[in-house]
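Chemist: Next comes the structure file start_8.txt, holding compact mmCIF, C-alpha atoms (C1' of nucleotides).
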```
# COMPACT_ATOMS: atom_id res chain seq x y z
CA MET A 1 -124.30 8.36 35.21
CA ALA A 2 -123.51 9.68 31.76
CA ARG A 3 -119.98 10.54 30.94
CA THR A 4 -118.52 13.83 32.11
CA ASN A 5 -115.93 13.89 29.40
CA THR A 6 -116.82 17.10 27.63
CA ALA A 7 -114.25 19.70 26.71
CA PRO A 8 -115.34 23.13 27.99
CA ARG A 9 -114.18 26.25 26.19
CA GLY A 10 -112.45 29.13 27.91
CA PRO A 11 -109.38 29.67 29.99
CA GLY A 12 -107.61 27.06 32.01
CA ARG A 13 -105.56 24.00 31.24
CA PRO A 14 -107.26 21.92 28.55
CA ARG A 15 -108.04 18.31 29.16
CA ALA A 16 -105.45 15.87 27.95
CA SER A 17 -106.79 13.51 25.28
CA VAL A 18 -106.42 10.24 27.10
CA ASP A 19 -109.69 8.54 26.15
CA ALA A 20 -108.12 6.20 23.64
CA ALA A 21 -105.34 5.25 26.04
CA VAL A 22 -107.83 4.57 28.84
CA PHE A 23 -110.08 2.46 26.58
CA ALA A 24 -107.12 0.42 25.35
CA SER A 25 -105.82 -0.01 28.87
CA THR A 26 -109.25 -1.09 30.07
CA LEU A 27 -109.65 -3.83 27.47
CA ARG A 28 -106.09 -5.02 27.86
CA THR A 29 -106.35 -5.17 31.64
CA VAL A 30 -109.69 -6.99 31.52
CA ASP A 31 -108.25 -9.43 29.02
CA GLU A 32 -105.22 -10.16 31.18
CA LEU A 33 -106.73 -10.13 34.67
CA GLY A 34 -110.46 -10.64 34.15
CA TYR A 35 -113.22 -8.21 34.98
CA ALA A 36 -112.79 -8.43 38.74
CA GLY A 37 -109.03 -8.22 38.42
CA ALA A 38 -109.29 -5.09 36.31
CA THR A 39 -109.42 -2.64 39.18
CA MET A 40 -109.59 1.07 38.59
CA ASP A 41 -106.11 1.45 40.05
CA ARG A 42 -104.67 -1.03 37.59
CA ILE A 43 -106.54 0.40 34.63
CA ALA A 44 -105.26 3.85 35.50
CA ALA A 45 -101.70 2.67 36.01
CA ALA A 46 -101.68 0.75 32.74
CA ALA A 47 -103.04 3.80 30.93
CA GLY A 48 -100.37 6.04 32.43
CA VAL A 49 -102.84 8.38 34.10
CA ALA A 50 -103.88 9.00 37.67
CA LYS A 51 -107.00 7.27 38.96
CA THR A 52 -108.43 10.66 39.87
CA THR A 53 -108.18 11.71 36.25
CA ILE A 54 -110.37 8.77 35.20
CA TYR A 55 -112.95 9.65 37.84
CA ARG A 56 -112.98 13.24 36.57
CA ARG A 57 -114.23 11.90 33.25
CA TRP A 58 -116.34 8.89 34.13
CA PRO A 59 -118.42 8.88 37.30
CA SER A 60 -118.10 5.15 37.91
CA LYS A 61 -116.44 2.00 36.70
CA GLY A 62 -119.66 1.01 34.99
CA ALA A 63 -119.81 4.24 33.03
CA LEU A 64 -116.22 3.77 31.92
CA ILE A 65 -116.88 0.23 30.74
CA VAL A 66 -120.00 1.28 28.85
CA ASP A 67 -118.12 4.00 26.99
CA CYS A 68 -115.25 1.62 26.36
CA LEU A 69 -117.64 -0.93 24.86
CA LEU A 70 -119.44 1.66 22.75
CA ASP A 71 -116.03 2.60 21.39
CA ALA A 72 -115.10 -1.04 20.78
CA PHE A 73 -118.36 -2.01 19.09
CA GLY A 74 -119.17 0.96 16.93
CA PRO A 75 -122.25 0.86 14.70
CA VAL A 76 -123.88 -2.43 13.67
CA PRO A 77 -123.15 -3.46 10.11
CA LEU A 78 -126.46 -3.74 8.30
CA SER A 79 -125.24 -4.97 4.94
CA GLY A 80 -126.84 -7.81 3.05
CA ALA A 81 -129.25 -8.32 0.21
CA SER A 82 -132.01 -10.16 2.05
CA ARG A 83 -133.38 -9.81 5.57
CA GLU A 84 -131.76 -13.11 6.39
CA ALA A 85 -128.38 -11.91 5.15
CA VAL A 86 -128.63 -8.73 7.21
CA LEU A 87 -129.51 -10.72 10.29
CA GLU A 88 -126.71 -13.18 9.75
CA THR A 89 -124.20 -10.38 9.30
CA ALA A 90 -125.32 -8.74 12.52
CA VAL A 91 -125.14 -11.95 14.54
CA ARG A 92 -121.70 -12.86 13.25
CA TRP A 93 -120.50 -9.34 13.92
CA THR A 94 -121.76 -9.57 17.50
CA ALA A 95 -120.03 -12.89 18.04
CA ALA A 96 -116.79 -11.59 16.55
CA LYS A 97 -116.81 -8.44 18.67
CA ILE A 98 -117.45 -10.43 21.83
CA GLY A 99 -114.53 -12.62 20.84
CA GLU A 100 -112.09 -9.69 20.74
CA PRO A 101 -109.65 -9.59 23.67
CA GLY A 102 -111.29 -8.11 26.74
CA VAL A 103 -114.54 -7.16 25.04
CA GLY A 104 -116.55 -10.23 26.01
CA ALA A 105 -115.34 -10.25 29.58
CA ALA A 106 -116.00 -6.52 30.00
CA PHE A 107 -119.42 -6.93 28.43
CA ALA A 108 -120.36 -9.80 30.72
CA GLY A 109 -118.97 -7.97 33.73
CA VAL A 110 -120.88 -4.78 33.18
CA PHE A 111 -124.13 -6.70 32.71
CA THR A 112 -123.44 -8.48 35.95
CA ASP A 113 -122.86 -5.24 37.80
CA ALA A 114 -126.01 -3.84 36.27
CA VAL A 115 -128.15 -6.50 37.93
CA SER A 116 -127.79 -4.74 41.26
CA ASP A 117 -127.27 -1.21 39.94
CA PRO A 118 -130.41 0.36 38.44
CA ALA A 119 -128.56 3.45 37.23
CA LEU A 120 -126.10 1.32 35.31
CA ARG A 121 -128.98 -0.73 33.93
CA ARG A 122 -130.60 2.42 32.59
CA LEU A 123 -127.30 3.54 31.11
CA LEU A 124 -126.90 0.21 29.33
CA ALA A 125 -130.48 0.27 28.11
CA THR A 126 -130.36 3.79 26.69
CA ARG A 127 -126.80 4.07 25.43
CA PHE A 128 -126.22 0.51 24.31
CA GLN A 129 -129.31 -1.57 23.78
CA ALA A 130 -131.66 1.09 22.40
CA PRO A 131 -129.50 2.26 19.47
CA TYR A 132 -128.78 -1.25 18.23
CA LEU A 133 -132.37 -2.31 18.77
CA GLU A 134 -133.69 0.65 16.82
CA ALA A 135 -131.24 0.25 13.95
CA LEU A 136 -132.07 -3.44 13.59
CA GLU A 137 -135.82 -3.17 13.90
CA LYS A 138 -135.83 -0.41 11.29
CA ARG A 139 -133.67 -2.30 8.84
CA LEU A 140 -135.42 -5.63 9.30
CA GLY A 141 -138.96 -4.33 9.69
CA GLU A 142 -139.52 -6.39 12.80
CA PRO A 143 -141.73 -5.31 15.71
CA GLU A 144 -139.78 -4.17 18.75
CA GLN A 145 -140.74 -7.02 21.07
CA ARG A 146 -139.65 -9.68 18.64
CA MET A 147 -136.39 -7.94 17.81
CA LEU A 148 -135.67 -7.50 21.51
CA PHE A 149 -136.25 -11.18 22.10
CA VAL A 150 -133.83 -12.14 19.37
CA ILE A 151 -131.18 -9.76 20.65
CA ASP A 152 -131.51 -11.23 24.12
CA VAL A 153 -131.12 -14.72 22.71
CA VAL A 154 -127.98 -13.81 20.78
CA VAL A 155 -126.30 -11.68 23.43
CA GLY A 156 -127.41 -13.86 26.32
CA THR A 157 -126.19 -17.06 24.70
CA LEU A 158 -122.83 -15.61 23.65
CA LEU A 159 -122.14 -14.04 27.03
CA HIS A 160 -123.24 -17.09 28.98
CA ARG A 161 -120.95 -19.31 26.99
CA MET A 162 -118.12 -16.83 27.45
CA GLY A 163 -118.76 -16.79 31.20
CA MET A 164 -118.85 -20.56 31.51
CA THR A 165 -115.81 -21.40 29.43
CA GLY A 166 -113.78 -18.21 29.60
CA GLU A 167 -113.43 -18.34 25.85
CA PRO A 168 -115.55 -17.03 22.98
CA MET A 169 -117.96 -19.38 21.23
CA GLY A 170 -116.52 -21.72 18.63
CA GLU A 171 -117.30 -21.51 14.93
CA GLU A 172 -119.71 -24.44 14.83
CA ASP A 173 -121.87 -23.08 17.61
CA VAL A 174 -121.88 -19.61 16.08
CA ASP A 175 -123.17 -21.23 12.90
CA ALA A 176 -125.88 -22.96 14.88
CA LEU A 177 -126.81 -19.71 16.58
CA VAL A 178 -127.05 -17.92 13.25
CA ALA A 179 -129.21 -20.67 11.78
CA MET A 180 -131.46 -20.71 14.81
CA VAL A 181 -131.99 -16.96 14.79
CA VAL A 182 -132.54 -16.79 11.05
CA ARG A 183 -135.17 -19.53 11.35
CA GLU A 184 -136.79 -17.65 14.22
CA LEU A 185 -137.22 -14.48 12.20
CA LEU A 186 -138.48 -16.43 9.21
CA MET B 1 -114.51 -25.48 47.09
CA ALA B 2 -117.03 -28.20 47.81
CA ARG B 3 -119.24 -27.90 50.83
CA THR B 4 -117.85 -28.74 54.23
CA ASN B 5 -121.22 -29.49 55.66
CA THR B 6 -120.84 -33.11 56.71
CA ALA B 7 -121.93 -34.45 60.10
CA PRO B 8 -119.04 -36.35 61.72
CA ARG B 9 -119.75 -39.02 64.31
CA GLY B 10 -118.18 -39.09 67.75
CA PRO B 11 -118.02 -36.83 70.74
CA GLY B 12 -118.55 -33.10 70.76
CA ARG B 13 -121.43 -30.77 70.18
CA PRO B 14 -123.39 -31.80 67.07
CA ARG B 15 -123.91 -29.36 64.28
CA ALA B 16 -127.12 -27.45 64.40
CA SER B 17 -129.32 -28.14 61.39
CA VAL B 18 -129.40 -24.69 59.92
CA ASP B 19 -128.98 -25.48 56.23
CA ALA B 20 -132.62 -24.92 55.38
CA ALA B 21 -132.72 -21.66 57.31
CA VAL B 22 -129.57 -20.41 55.59
CA PHE B 23 -130.86 -21.37 52.12
CA ALA B 24 -134.17 -19.64 52.77
CA SER B 25 -132.42 -16.58 54.16
CA THR B 26 -130.11 -16.47 51.15
CA LEU B 27 -132.90 -16.49 48.59
CA ARG B 28 -135.01 -14.04 50.56
CA THR B 29 -132.12 -11.62 51.02
CA VAL B 30 -131.13 -11.84 47.36
CA ASP B 31 -134.74 -11.25 46.37
CA GLU B 32 -135.05 -8.18 48.57
CA LEU B 33 -131.64 -6.58 48.17
CA GLY B 34 -130.19 -8.04 44.97
CA TYR B 35 -127.14 -10.22 44.64
CA ALA B 36 -124.66 -7.52 45.58
CA GLY B 37 -126.86 -6.36 48.43
CA ALA B 38 -127.06 -9.85 49.82
CA THR B 39 -123.88 -9.69 51.85
CA MET B 40 -122.75 -12.57 54.00
CA ASP B 41 -123.40 -10.48 57.10
CA ARG B 42 -126.99 -9.85 56.09
CA ILE B 43 -127.61 -13.45 55.04
CA ALA B 44 -126.28 -14.66 58.39
CA ALA B 45 -128.31 -12.13 60.35
CA ALA B 46 -131.52 -12.97 58.49
CA ALA B 47 -130.92 -16.68 59.08
CA GLY B 48 -130.34 -16.11 62.78
CA VAL B 49 -126.83 -17.57 62.76
CA ALA B 50 -123.37 -16.08 63.06
CA LYS B 51 -121.40 -15.36 59.93
CA THR B 52 -118.61 -17.58 61.19
CA THR B 53 -121.03 -20.50 61.35
CA ILE B 54 -121.78 -20.10 57.67
CA TYR B 55 -118.10 -20.01 56.83
CA ARG B 56 -117.60 -23.19 58.84
CA ARG B 57 -119.97 -24.95 56.43
CA TRP B 58 -119.32 -23.27 53.10
CA PRO B 59 -115.86 -22.07 52.19
CA SER B 60 -117.05 -19.08 50.16
CA LYS B 61 -120.09 -17.11 49.14
CA GLY B 62 -120.01 -18.81 45.75
CA ALA B 63 -120.10 -22.27 47.30
CA LEU B 64 -123.06 -21.26 49.46
CA ILE B 65 -124.97 -19.93 46.48
CA VAL B 66 -124.29 -23.07 44.46
CA ASP B 67 -125.61 -25.31 47.21
CA CYS B 68 -128.56 -23.01 47.70
CA LEU B 69 -129.41 -23.24 44.00
CA LEU B 70 -128.98 -27.02 43.91
CA ASP B 71 -131.47 -27.15 46.76
CA ALA B 72 -133.85 -24.77 45.00
CA PHE B 73 -133.74 -26.49 41.62
CA GLY B 74 -133.74 -30.14 42.46
CA PRO B 75 -133.81 -32.72 39.68
CA VAL B 76 -134.99 -31.84 36.16
CA PRO B 77 -138.43 -33.13 35.34
CA LEU B 78 -138.12 -35.40 32.32
CA SER B 79 -141.76 -36.24 31.80
CA GLY B 80 -143.42 -36.20 28.41
CA ALA B 81 -144.45 -38.64 25.74
CA SER B 82 -142.35 -37.36 22.86
CA ARG B 83 -138.87 -35.88 22.78
CA GLU B 84 -140.44 -32.52 22.03
CA ALA B 85 -142.68 -32.78 25.07
CA VAL B 86 -139.75 -33.67 27.31
CA LEU B 87 -137.76 -30.74 26.00
CA GLU B 88 -140.66 -28.34 26.42
CA THR B 89 -141.22 -29.49 29.99
CA ALA B 90 -137.57 -28.96 30.84
CA VAL B 91 -137.44 -25.50 29.32
CA ARG B 92 -140.61 -24.34 31.07
CA TRP B 93 -139.35 -25.78 34.33
CA THR B 94 -136.09 -23.85 33.95
CA ALA B 95 -137.94 -20.63 33.24
CA ALA B 96 -140.27 -21.16 36.19
CA LYS B 97 -137.44 -21.89 38.61
CA ILE B 98 -135.53 -18.82 37.49
CA GLY B 99 -138.71 -16.85 38.07
CA GLU B 100 -138.94 -17.88 41.71
CA PRO B 101 -138.01 -15.12 44.18
CA GLY B 102 -134.26 -14.79 44.51
CA VAL B 103 -133.41 -17.78 42.36
CA GLY B 104 -132.84 -15.93 39.11
CA ALA B 105 -130.81 -13.15 40.72
CA ALA B 106 -128.69 -15.63 42.68
CA PHE B 107 -128.17 -17.70 39.55
CA ALA B 108 -127.09 -14.71 37.49
CA GLY B 109 -124.88 -13.44 40.28
CA VAL B 110 -122.98 -16.64 40.78
CA PHE B 111 -122.36 -16.97 37.05
CA THR B 112 -121.01 -13.47 37.09
CA ASP B 113 -118.67 -14.18 39.96
CA ALA B 114 -117.55 -17.34 38.20
CA VAL B 115 -116.22 -15.36 35.25
CA SER B 116 -113.23 -14.27 37.30
CA ASP B 117 -113.09 -17.23 39.68
CA PRO B 118 -111.89 -20.46 38.05
CA ALA B 119 -112.58 -22.56 41.15
CA LEU B 120 -116.18 -21.40 41.23
CA ARG B 121 -116.47 -22.06 37.51
CA ARG B 122 -115.35 -25.63 38.03
CA LEU B 123 -117.80 -26.02 40.90
CA LEU B 124 -120.65 -24.80 38.73
CA ALA B 125 -119.61 -27.02 35.85
CA THR B 126 -119.33 -30.21 37.88
CA ARG B 127 -122.06 -29.81 40.46
CA PHE B 128 -124.63 -27.94 38.41
CA GLN B 129 -124.19 -28.12 34.68
CA ALA B 130 -122.90 -31.68 34.34
CA PRO B 131 -125.78 -33.49 36.10
CA TYR B 132 -128.49 -31.66 34.16
CA LEU B 133 -126.58 -32.03 30.92
CA GLU B 134 -126.15 -35.74 31.42
CA ALA B 135 -129.75 -36.35 32.42
CA LEU B 136 -131.05 -34.47 29.40
CA GLU B 137 -128.69 -35.93 26.83
CA LYS B 138 -129.53 -39.42 28.05
CA ARG B 139 -133.26 -38.87 27.98
CA LEU B 140 -133.31 -37.07 24.66
CA GLY B 141 -130.60 -39.06 22.94
CA GLU B 142 -128.79 -35.94 21.81
CA PRO B 143 -125.01 -35.68 21.44
CA GLU B 144 -123.35 -33.74 24.20
CA GLN B 145 -122.23 -30.76 22.16
CA ARG B 146 -125.70 -30.11 20.79
CA MET B 147 -127.36 -30.50 24.16
CA LEU B 148 -124.82 -28.15 25.71
CA PHE B 149 -125.53 -25.56 23.04
CA VAL B 150 -129.26 -25.72 23.69
CA ILE B 151 -128.76 -25.42 27.45
CA ASP B 152 -126.58 -22.38 26.95
CA VAL B 153 -129.23 -20.81 24.73
CA VAL B 154 -131.98 -21.39 27.28
CA VAL B 155 -130.07 -20.45 30.41
CA GLY B 156 -128.17 -17.60 28.77
CA THR B 157 -131.30 -16.03 27.34
CA LEU B 158 -133.30 -16.34 30.53
CA LEU B 159 -130.55 -14.95 32.72
CA HIS B 160 -129.69 -12.13 30.36
CA ARG B 161 -133.31 -11.02 30.26
CA MET B 162 -133.48 -11.25 34.02
CA GLY B 163 -130.36 -9.13 34.32
CA MET B 164 -131.58 -6.47 31.93
CA THR B 165 -135.08 -6.04 33.25
CA GLY B 166 -134.77 -7.25 36.83
CA GLU B 167 -137.82 -9.43 36.26
CA PRO B 168 -138.31 -12.95 34.94
CA MET B 169 -139.23 -13.44 31.30
CA GLY B 170 -142.87 -12.99 30.35
CA GLU B 171 -145.11 -15.77 29.18
CA GLU B 172 -145.06 -14.84 25.51
CA ASP B 173 -141.29 -14.84 25.32
CA VAL B 174 -141.05 -18.12 27.20
CA ASP B 175 -143.37 -19.58 24.58
CA ALA B 176 -141.13 -18.23 21.85
CA LEU B 177 -138.08 -19.69 23.57
CA VAL B 178 -139.73 -23.08 23.85
CA ALA B 179 -140.75 -23.04 20.20
CA MET B 180 -137.29 -21.98 19.12
CA VAL B 181 -135.56 -24.70 21.09
CA VAL B 182 -137.99 -27.42 20.03
CA ARG B 183 -137.44 -26.41 16.42
CA GLU B 184 -133.68 -26.48 16.93
CA LEU B 185 -133.69 -30.04 18.26
CA LEU B 186 -136.09 -31.18 15.53
C1' DA C 1 -97.98 38.11 33.61
C1' DG C 2 -102.40 36.67 35.67
C1' DG C 3 -106.38 33.96 36.01
C1' DT C 4 -108.29 29.45 35.54
C1' DA C 5 -109.00 24.69 35.03
C1' DT C 6 -106.70 20.27 34.83
C1' DC C 7 -103.05 17.04 36.20
C1' DG C 8 -100.64 13.64 39.38
C1' DA C 9 -100.03 12.14 44.01
C1' DT C 10 -101.21 11.01 48.46
C1' DA C 11 -104.17 10.09 51.86
C1' DC C 12 -108.37 8.67 53.04
C1' DC C 13 -113.36 6.43 53.68
C1' DA C 14 -116.89 2.75 53.56
C1' DA C 15 -118.39 -1.68 52.17
C1' DA C 16 -117.65 -6.50 51.72
C1' DG C 17 -115.39 -11.18 51.71
C1' DG C 18 -113.02 -13.74 54.78
C1' DT C 19 -110.18 -15.10 59.22
C1' DA C 20 -108.51 -15.51 64.21
C1' DG C 21 -109.38 -16.02 68.96
C1' DC C 22 -112.09 -16.86 72.80
C1' DA C 23 -115.66 -17.88 76.04
C1' DT C 24 -119.72 -20.78 76.07
C1' DA C 25 -123.00 -24.47 74.97
C1' DA C 26 -124.09 -29.26 73.74
C1' DT C 27 -122.89 -33.68 73.09
C1' DT C 28 -120.26 -38.69 73.99
C1' DG C 29 -117.84 -41.75 76.90
C1' DC C 30 -116.16 -43.07 81.48
C1' DG D 1 -121.15 -36.36 87.62
C1' DC D 2 -117.05 -35.15 84.95
C1' DA D 3 -113.56 -34.69 81.37
C1' DA D 4 -112.83 -34.56 76.50
C1' DT D 5 -114.45 -32.85 72.31
C1' DT D 6 -116.68 -30.19 68.90
C1' DA D 7 -119.81 -26.38 67.47
C1' DT D 8 -121.67 -21.87 68.28
C1' DG D 9 -121.91 -16.76 68.81
C1' DC D 10 -119.29 -12.74 69.27
C1' DT D 11 -115.93 -9.36 68.54
C1' DA D 12 -112.16 -7.69 66.43
C1' DC D 13 -109.52 -7.64 62.58
C1' DC D 14 -107.24 -7.86 57.67
C1' DT D 15 -107.37 -7.02 52.67
C1' DT D 16 -109.24 -5.41 48.54
C1' DT D 17 -111.76 -2.17 45.89
C1' DG D 18 -114.78 1.60 44.34
C1' DG D 19 -114.83 6.23 45.14
C1' DT D 20 -113.60 11.03 47.31
C1' DA D 21 -110.92 15.11 49.22
C1' DT D 22 -107.04 17.88 49.13
C1' DC D 23 -103.07 20.18 47.34
C1' DG D 24 -99.14 21.71 44.83
C1' DA D 25 -97.67 21.76 40.03
C1' DT D 26 -98.74 22.67 35.22
C1' DA D 27 -100.63 24.21 30.79
C1' DC D 28 -103.45 27.05 28.47
C1' DC D 29 -106.25 31.65 27.21
C1' DT D 30 -106.50 36.60 27.40
```
For the structure just supplied, provide its representation as C-alpha cells.
Modeler:
Amino acid sequence: MARTNTAPRGPGRPRASVDAAVFASTLRTVDELGYAGATMDRIAAAAGVAKTTIYRRWPSKGALIVDCLLDAFGPVPLSGASREAVLETAVRWTAAKIGEPGVGAAFAGVFTDAVSDPALRRLLATRFQAPYLEALEKRLGEPEQRMLFVIDVVVGTLLHRMGMTGEPMGEEDVDALVAMVVRELL
Amino acid sequence: MARTNTAPRGPGRPRASVDAAVFASTLRTVDELGYAGATMDRIAAAAGVAKTTIYRRWPSKGALIVDCLLDAFGPVPLSGASREAVLETAVRWTAAKIGEPGVGAAFAGVFTDAVSDPALRRLLATRFQAPYLEALEKRLGEPEQRMLFVIDVVVGTLLHRMGMTGEPMGEEDVDALVAMVVRELL
DNA sequence: AGGTATCGATACCAAAGGTAGCATAATTGC
DNA sequence: GCAATTATGCTACCTTTGGTATCGATACCT
C-alpha cells in the first residue's frame, strides 16, 4: 500500500518527475469535480500523463491521495510561547489547510474510503495520523489518548462540516473550535 | 430524492410490507461487510426481496440509507431536569445509537456519499439534521448557529473516530465528549 | 551501439449503481 | 367468476470506475 515511487539506479530510462504535476492535478480535479468526480482517468489527463504511469507509482487511488495530502499539509507548525498558543496555532493551521482548494474534499474522501478498506486505514494511521500525533504529544506533553481525542475532535468536526456544507468552516466557528479545544487541554 | 414508499388506494396488487425487513437487512449487511461491501444486490438478497423492488420504493442507495437511519434513530430523547442534563442525555444517546451494529458505518457512509451528491446532501439536511436541530434548539433555548456547531462537533467526532478505528468510541472518550460539550454550552 | 527500464496508448476486466422488459401473483370492482 | 390494475421476481443490460495486461516507442547508462 505504500508508494512505489522510488528512483532505482542503473541502466534504463529514468522516471520522469511528474509527482508535483500529479499532486496539483489531483487537488485541482477534486476541487472542481468533487472526490467522486475526480476519477483516475481525469486526474491523469489533467496532469498530462497516462493513467498507467500513475499506477506505476501509486498502487491505488487511496495511496495517491494520501501522498498528495502529505505533500499539501507538510509538517505541523509548533510555534507559540505557551501550550495554549501552540495548540491554537496547530488548530488554526489544520482548519486553514482543510480550507485550501481540494484539500478538504480529498481528506474527507480518503477517510470515507478508509472505512471499508483496512489497508488504507493502516496507511492513514501510520503515514498521516501517527507523525502529527507524536509531534503534538511531544511538544504539548499530553498523554497519547488525550491528544488523540483532541485530534479526532478537531479533524472530525472540520471534515464533517466540510462534508455537510461543501465549504470550509467559517471564522466564527473556527474560533469556537479553538476555544473549546484550548479549554479541553487546560 | 424522497422516498416513494406510499401505499396508494384502489385496485391492483397491494405493496408487500417489506420496509422493516429491508431496514434490518441493510443494517445487518453494513455491519457484516462495511458500507462499500453492502451492495444493493446483497441488501436485497439478505432481505429476501428483488433488487428492483427496493428501487421501486427508494430512488437511490442514499435515500434507502437515510430512511433506514431515520428508522433506527427515532426521536431525540430530551429528558433531564437541567439544560446540562438534557444535553448530556442527547449526546450519550447519539453515541449509543452510532454504536449500534451497522448504524455508525451506514451513517458515516451516507455522509461520505453526500459530499459529492448535492441531492443527497439536501435530503440529509432536511430530513435528518433539521428535525434534530430544531428539537434541540427549542428545548435548550440555544441560537441555531451555536446548536449547529455543537451538533457538528458531536457527530463529526463520533463518526471520525468510527471511521478511523472501525469501532464505536469507548466510554472514557464519550465521557470526555459529554464534558466538553456541556462546558461549551455553559 | 546495445541493453534496460519507463512512457503513452489501447484494450480489457470486475464490481456496483441503476434501468428495462416481461411473465406472474394479488388485489378491487363488476 | 372475470377483467382491470398494480406489484413482484427475474433476467438481461447499460454506464462508470478502479485497476491490469500488453506492446511499440523512447530515453538513459555503459
Chemist: Report, in Å with one decimal, the straight-line distance from atom CA of Val150 of chain A to atom CA of Pro77 of chain A.
Modeler: 16.6 Å
Chemist: One number please: atom CA of Thr52 of chain B to atom CA of Val115 of chain A, in Å, one decimal.
Modeler: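 Distance between the two atoms: 27.5 Å.
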Chemist: Measuring atom to atom with all atoms listed in the file, identify which of B:Leu159, B:Val18, B:Val174, B:Met169 is nearest to chain D.
Modeler: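 Among the listed residues, B:Val18 lies closest to chain D.
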Chemist: Do a neighbour search on segment 57-73 of chain A at 9 Å with all atoms listed in the file, toss out local chain neighbours closer than 5 positions, and write the hits as a VMD selection string.
Modeler: (chain A and resid 1 to 6 19 to 20 22 to 24 26 to 27 39 to 40 52 94 97 to 98 103 106 to 107 109 to 110 113 to 114 120 123 to 124 127 to 128) or (chain D and resid 18 to 19)
Chemist: Quote the spacing between atom CA of Asp175 of chain B and atom CA of Glu137 of chain A in Å to one decimal place.
Modeler: 21.0 Å
Chemist: Could you list, with a cut-off of 9 Å and counting only C-alpha atoms, the residues of chain B near chain A, each shown with its nearest atom pair and the distance in Å rounded to one decimal, rows sorted by chain and ascending number, as a Markdown table?
Modeler:
```
| residue | atom | partner | partner_atom | distance |
| --- | --- | --- | --- | --- |
| B:Leu33 | CA | A:Ser116 | CA | 8.1 |
| B:Gly34 | CA | A:Ser116 | CA | 5.5 |
| B:Tyr35 | CA | A:Ser116 | CA | 6.5 |
| B:Ala36 | CA | A:Ser116 | CA | 6.0 |
| B:Gly37 | CA | A:Ser116 | CA | 7.4 |
| B:Ala105 | CA | A:Val115 | CA | 7.7 |
| B:Ala108 | CA | A:Thr112 | CA | 7.4 |
| B:Gly109 | CA | A:Thr112 | CA | 6.7 |
| B:Phe111 | CA | A:Gly163 | CA | 6.9 |
| B:Thr112 | CA | A:Thr112 | CA | 5.7 |
| B:Asp113 | CA | A:Ala36 | CA | 8.3 |
| B:Ala114 | CA | A:Gly163 | CA | 7.1 |
| B:Val115 | CA | A:Gly163 | CA | 5.0 |
| B:Ser116 | CA | A:Gly34 | CA | 5.5 |
| B:Asp117 | CA | A:Ala36 | CA | 8.9 |
| B:Pro118 | CA | A:Gly166 | CA | 8.9 |
| B:Arg121 | CA | A:Met164 | CA | 6.6 |
| B:Arg122 | CA | A:Met164 | CA | 9.0 |
| B:Leu124 | CA | A:Met164 | CA | 8.6 |
| B:Ala125 | CA | A:Met164 | CA | 7.8 |
| B:Gln145 | CA | A:Asp173 | CA | 8.9 |
| B:Arg146 | CA | A:Asp173 | CA | 8.6 |
| B:Phe149 | CA | A:Asp173 | CA | 7.0 |
| B:Asp152 | CA | A:Thr157 | CA | 5.8 |
| B:Val153 | CA | A:Thr157 | CA | 4.8 |
| B:Val154 | CA | A:Thr157 | CA | 7.7 |
| B:Val155 | CA | A:Thr157 | CA | 7.7 |
| B:Gly156 | CA | A:Gly156 | CA | 4.5 |
| B:Thr157 | CA | A:Gly156 | CA | 4.6 |
| B:Leu158 | CA | A:Gly156 | CA | 7.7 |
| B:Leu159 | CA | A:Gly156 | CA | 7.2 |
| B:His160 | CA | A:Gly156 | CA | 5.0 |
| B:Arg161 | CA | A:Asp152 | CA | 6.4 |
| B:Met162 | CA | A:Val115 | CA | 8.1 |
| B:Gly163 | CA | A:Val115 | CA | 5.0 |
| B:Met164 | CA | A:Arg121 | CA | 6.6 |
| B:Thr165 | CA | A:Arg121 | CA | 8.1 |
| B:Gly166 | CA | A:Val115 | CA | 6.8 |
| B:Asp173 | CA | A:Phe149 | CA | 7.0 |
| B:Ala176 | CA | A:Phe149 | CA | 8.6 |
| B:Leu177 | CA | A:Val153 | CA | 8.6 |
| B:Ala179 | CA | A:Glu184 | CA | 9.0 |
| B:Met180 | CA | A:Glu184 | CA | 6.6 |
| B:Val181 | CA | A:Met180 | CA | 8.5 |
| B:Arg183 | CA | A:Met180 | CA | 8.4 |
| B:Glu184 | CA | A:Met180 | CA | 6.5 |
```
Chemist: Write to file, as a compact mmCIF listing (two decimals), in the coordinates of the input, the residues of the selection just made, with C-alpha atoms.
Modeler:
```txt
# COMPACT_ATOMS: atom_id res chain seq x y z
CA LEU B 33 -131.64 -6.58 48.17
CA GLY B 34 -130.19 -8.04 44.97
CA TYR B 35 -127.14 -10.22 44.64
CA ALA B 36 -124.66 -7.52 45.58
CA GLY B 37 -126.86 -6.36 48.43
CA ALA B 105 -130.81 -13.15 40.72
CA ALA B 108 -127.09 -14.71 37.49
CA GLY B 109 -124.88 -13.44 40.28
CA PHE B 111 -122.36 -16.97 37.05
CA THR B 112 -121.01 -13.47 37.09
CA ASP B 113 -118.67 -14.18 39.96
CA ALA B 114 -117.55 -17.34 38.20
CA VAL B 115 -116.22 -15.36 35.25
CA SER B 116 -113.23 -14.27 37.30
CA ASP B 117 -113.09 -17.23 39.68
CA PRO B 118 -111.89 -20.46 38.05
CA ARG B 121 -116.47 -22.06 37.51
CA ARG B 122 -115.35 -25.63 38.03
CA LEU B 124 -120.65 -24.80 38.73
CA ALA B 125 -119.61 -27.02 35.85
CA GLN B 145 -122.23 -30.76 22.16
CA ARG B 146 -125.70 -30.11 20.79
CA PHE B 149 -125.53 -25.56 23.04
CA ASP B 152 -126.58 -22.38 26.95
CA VAL B 153 -129.23 -20.81 24.73
CA VAL B 154 -131.98 -21.39 27.28
CA VAL B 155 -130.07 -20.45 30.41
CA GLY B 156 -128.17 -17.60 28.77
CA THR B 157 -131.30 -16.03 27.34
CA LEU B 158 -133.30 -16.34 30.53
CA LEU B 159 -130.55 -14.95 32.72
CA HIS B 160 -129.69 -12.13 30.36
CA ARG B 161 -133.31 -11.02 30.26
CA MET B 162 -133.48 -11.25 34.02
CA GLY B 163 -130.36 -9.13 34.32
CA MET B 164 -131.58 -6.47 31.93
CA THR B 165 -135.08 -6.04 33.25
CA GLY B 166 -134.77 -7.25 36.83
CA ASP B 173 -141.29 -14.84 25.32
CA ALA B 176 -141.13 -18.23 21.85
CA LEU B 177 -138.08 -19.69 23.57
CA ALA B 179 -140.75 -23.04 20.20
CA MET B 180 -137.29 -21.98 19.12
CA VAL B 181 -135.56 -24.70 21.09
CA ARG B 183 -137.44 -26.41 16.42
CA GLU B 184 -133.68 -26.48 16.93
```
